[in-house]
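See below for the structure under consideration.
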Amino acid sequence: MLGAFQTTRDIEGYFSMIPTVFVRDGIKVYISNGEKYIVEAFSKAVEDWNKAVLEFNYVKDLECSLRILIGCRSCLMEPRLPTINVVKNDEYNVIVEFRDSMPEENLIAYTEPYINGSLLARIVIWSKVPEHRAYQVSLHEISRLYGIDIPRVYRTLFGAVPAGSNTEELNPSIEQFMNGPPDPMKPTTLDLNIAYEGLRNLGKSRINLSGIVFRAYDEPDFTILAFTTSPILITLGIYILSRRDIKFSRRRFENVLENS
């Protein structure tokens, strides 16, 4: 039952083949000069994305190990998502730039493929993004580096919104974006499964997410909790019942002795 609460139904996302999702040695981001709070928010967003990617890849490695035990080796050819880190040297393949004016009317930020030598993508952010929105904008633009697009807004059991969600649905007006509270946007299992399925099925842009466990990466996974605790609880229940039966049998035997 716990697992059923986290299982998605009739959810779709889209994958676009941006060059950064194919790099083997990781996405390396250089952040140009900007307001301290924006730079710090972007660095924190990169750190959170990298943790989510590492956890996702670990689970895929674990699944592959179990499949190998039953003789299936096709998983060895399956892709893994690139890690992402902030770098301060010249070995970057993504650059983040800040502009004093909006790139376009009501456009806060955008990500574009930018193949120029080793530079694979560029992220442009309006430098006047409010401080309480900086982290959210950063998370969203990083999702574009992984080719992720989720046209509708979904929420986890704890209220988190996938990083690749359509921000126009979250904030339909610039006034709401500037003055409203920050949205609880986080990397989720929906985001990374879109990137993974897109890499595994190149040429497929529409990804069906039905059956995916939907949670943010800093939220508990009730499915794992149910799988791990159920055998323990069942064993404990049997033990308690058996002990009660033993005590009842012993008491009945003592009564028989007394009566005799």
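Simple scheme: letters A, B, ... for chains in structure tokens order, numbers from 1 for residues in each chain, numbers from 1 for ligands in the order shown.
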
Each residue of range 54-82 of chain A lying at most 10 Å from range 192-205 of chain A should get a row with its shortest atom-to-atom pair and the distance in Å to one decimal, counting only C-alpha atoms; could you produce that, ordered by chain and increasing number, as CSV?
```
residue,atom,partner,partner_atom,distance
A:Phe56,CA,A:Leu192,CA,7.4
A:Asn57,CA,A:Tyr196,CA,9.6
A:Met77,CA,A:Arg200,CA,9.2
A:Glu78,CA,A:Arg200,CA,6.4
A:Pro79,CA,A:Arg200,CA,6.2
A:Arg80,CA,A:Tyr196,CA,7.1
A:Leu81,CA,A:Tyr196,CA,6.6
```

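Reported to one decimal place, the separation of CA of Val96 in chain A from CA of Met185 in chain A is 19.9 Å.
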
From the DSSP assignment of the backbone, select every residue of range 69-245 of chain A that is helix (DSSP H, G or I), and format the answer as a ChimeraX atom specification. /A:69,74-77,131-145,167-170,174-179,189-200,222-245

Leaving out Val129 in chain A and any residue of its chain fewer than 6 positions from it, which residues lie within 9 Å of it when counting only C-alpha atoms, given as a PyMOL selection string? chain A and resi 38+108+137+178

With a distance cut-off of 12 Å and only C-alpha atoms, select the neighbouring residues of Leu54 in chain A, excluding the residue or stretch itself and same-chain residues fewer than 2 positions from it, and output the selection as a compact mmCIF listing (two decimals) with C-alpha atoms, in the first residue's frame.
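selection34.txt, written as the output of this step:
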```
# COMPACT_ATOMS: atom_id res chain seq x y z
CA GLY A 26 30.60 14.50 -16.51
CA GLU A 47 25.36 19.70 -5.75
CA ASP A 48 21.79 18.45 -5.22
CA TRP A 49 21.51 17.30 -8.82
CA ASN A 50 24.79 15.43 -8.59
CA LYS A 51 23.66 13.60 -5.44
CA ALA A 52 20.44 12.59 -7.20
CA PHE A 56 20.01 6.96 -9.49
CA ASN A 57 23.08 5.38 -11.11
CA TYR A 58 23.77 3.35 -7.96
CA VAL A 59 20.26 1.88 -8.07
CA LYS A 60 20.69 1.01 -11.76
CA ASP A 61 24.03 -0.68 -10.99
CA ARG A 80 24.30 5.86 -17.03
CA LEU A 81 23.56 9.53 -16.47
CA PRO A 82 26.51 11.95 -16.44
CA THR A 83 27.47 13.50 -13.13
CA ILE A 84 27.53 17.30 -12.78
CA ASN A 85 29.95 19.55 -10.91
CA LEU A 192 16.01 11.26 -13.98
CA TYR A 217 15.65 12.50 -3.78
```

Range 20-168 of chain A: residues DSSP assigns to strand (DSSP E or B), reported as a PyMOL selection string: chain A and resi 27-31+84-86+94-99+104+107+109-116+119-126+148-150+161-162+165

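Of note, CA of Gln6 in chain A and CA of Ser143 in chain A are spaced 21.5 Å apart.
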
Fewer than 5 positions away in the same chain doesn't count, so skip those; otherwise give me all residues within 10 Å of Leu76 in chain A, counting only C-alpha atoms, as a list in words.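 Listing them by chain and then by number gives Asp61, Cys64, Ser65, Arg67 and Ile68 of chain A.
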
Dump of C-alpha atoms for the selected residues, as an mmCIF file, in the first residue's frame:
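Contents of again16.cif, as written:
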```cif
data_model
loop_
_atom_site.group_PDB
_atom_site.id
_atom_site.type_symbol
_atom_site.label_atom_id
_atom_site.label_comp_id
_atom_site.auth_asym_id
_atom_site.auth_seq_id
_atom_site.Cartn_x
_atom_site.Cartn_y
_atom_site.Cartn_z
ATOM 1 C CA ASP A 61 24.026 -0.684 -10.989
ATOM 2 C CA CYS A 64 22.038 -4.806 -13.093
ATOM 3 C CA SER A 65 23.970 -6.881 -10.539
ATOM 4 C CA ARG A 67 19.897 -9.349 -13.271
ATOM 5 C CA ILE A 68 23.363 -10.727 -13.985
#
```

Between A:Glu168, A:Glu55, A:Asp10, A:Glu97, single out the one closest to Gly34 in chain A, counting only C-alpha atoms. A:Glu97

Separation of CA of Phe15 in chain A and CA of Ala121 in chain A, in Å? 16.0 Å
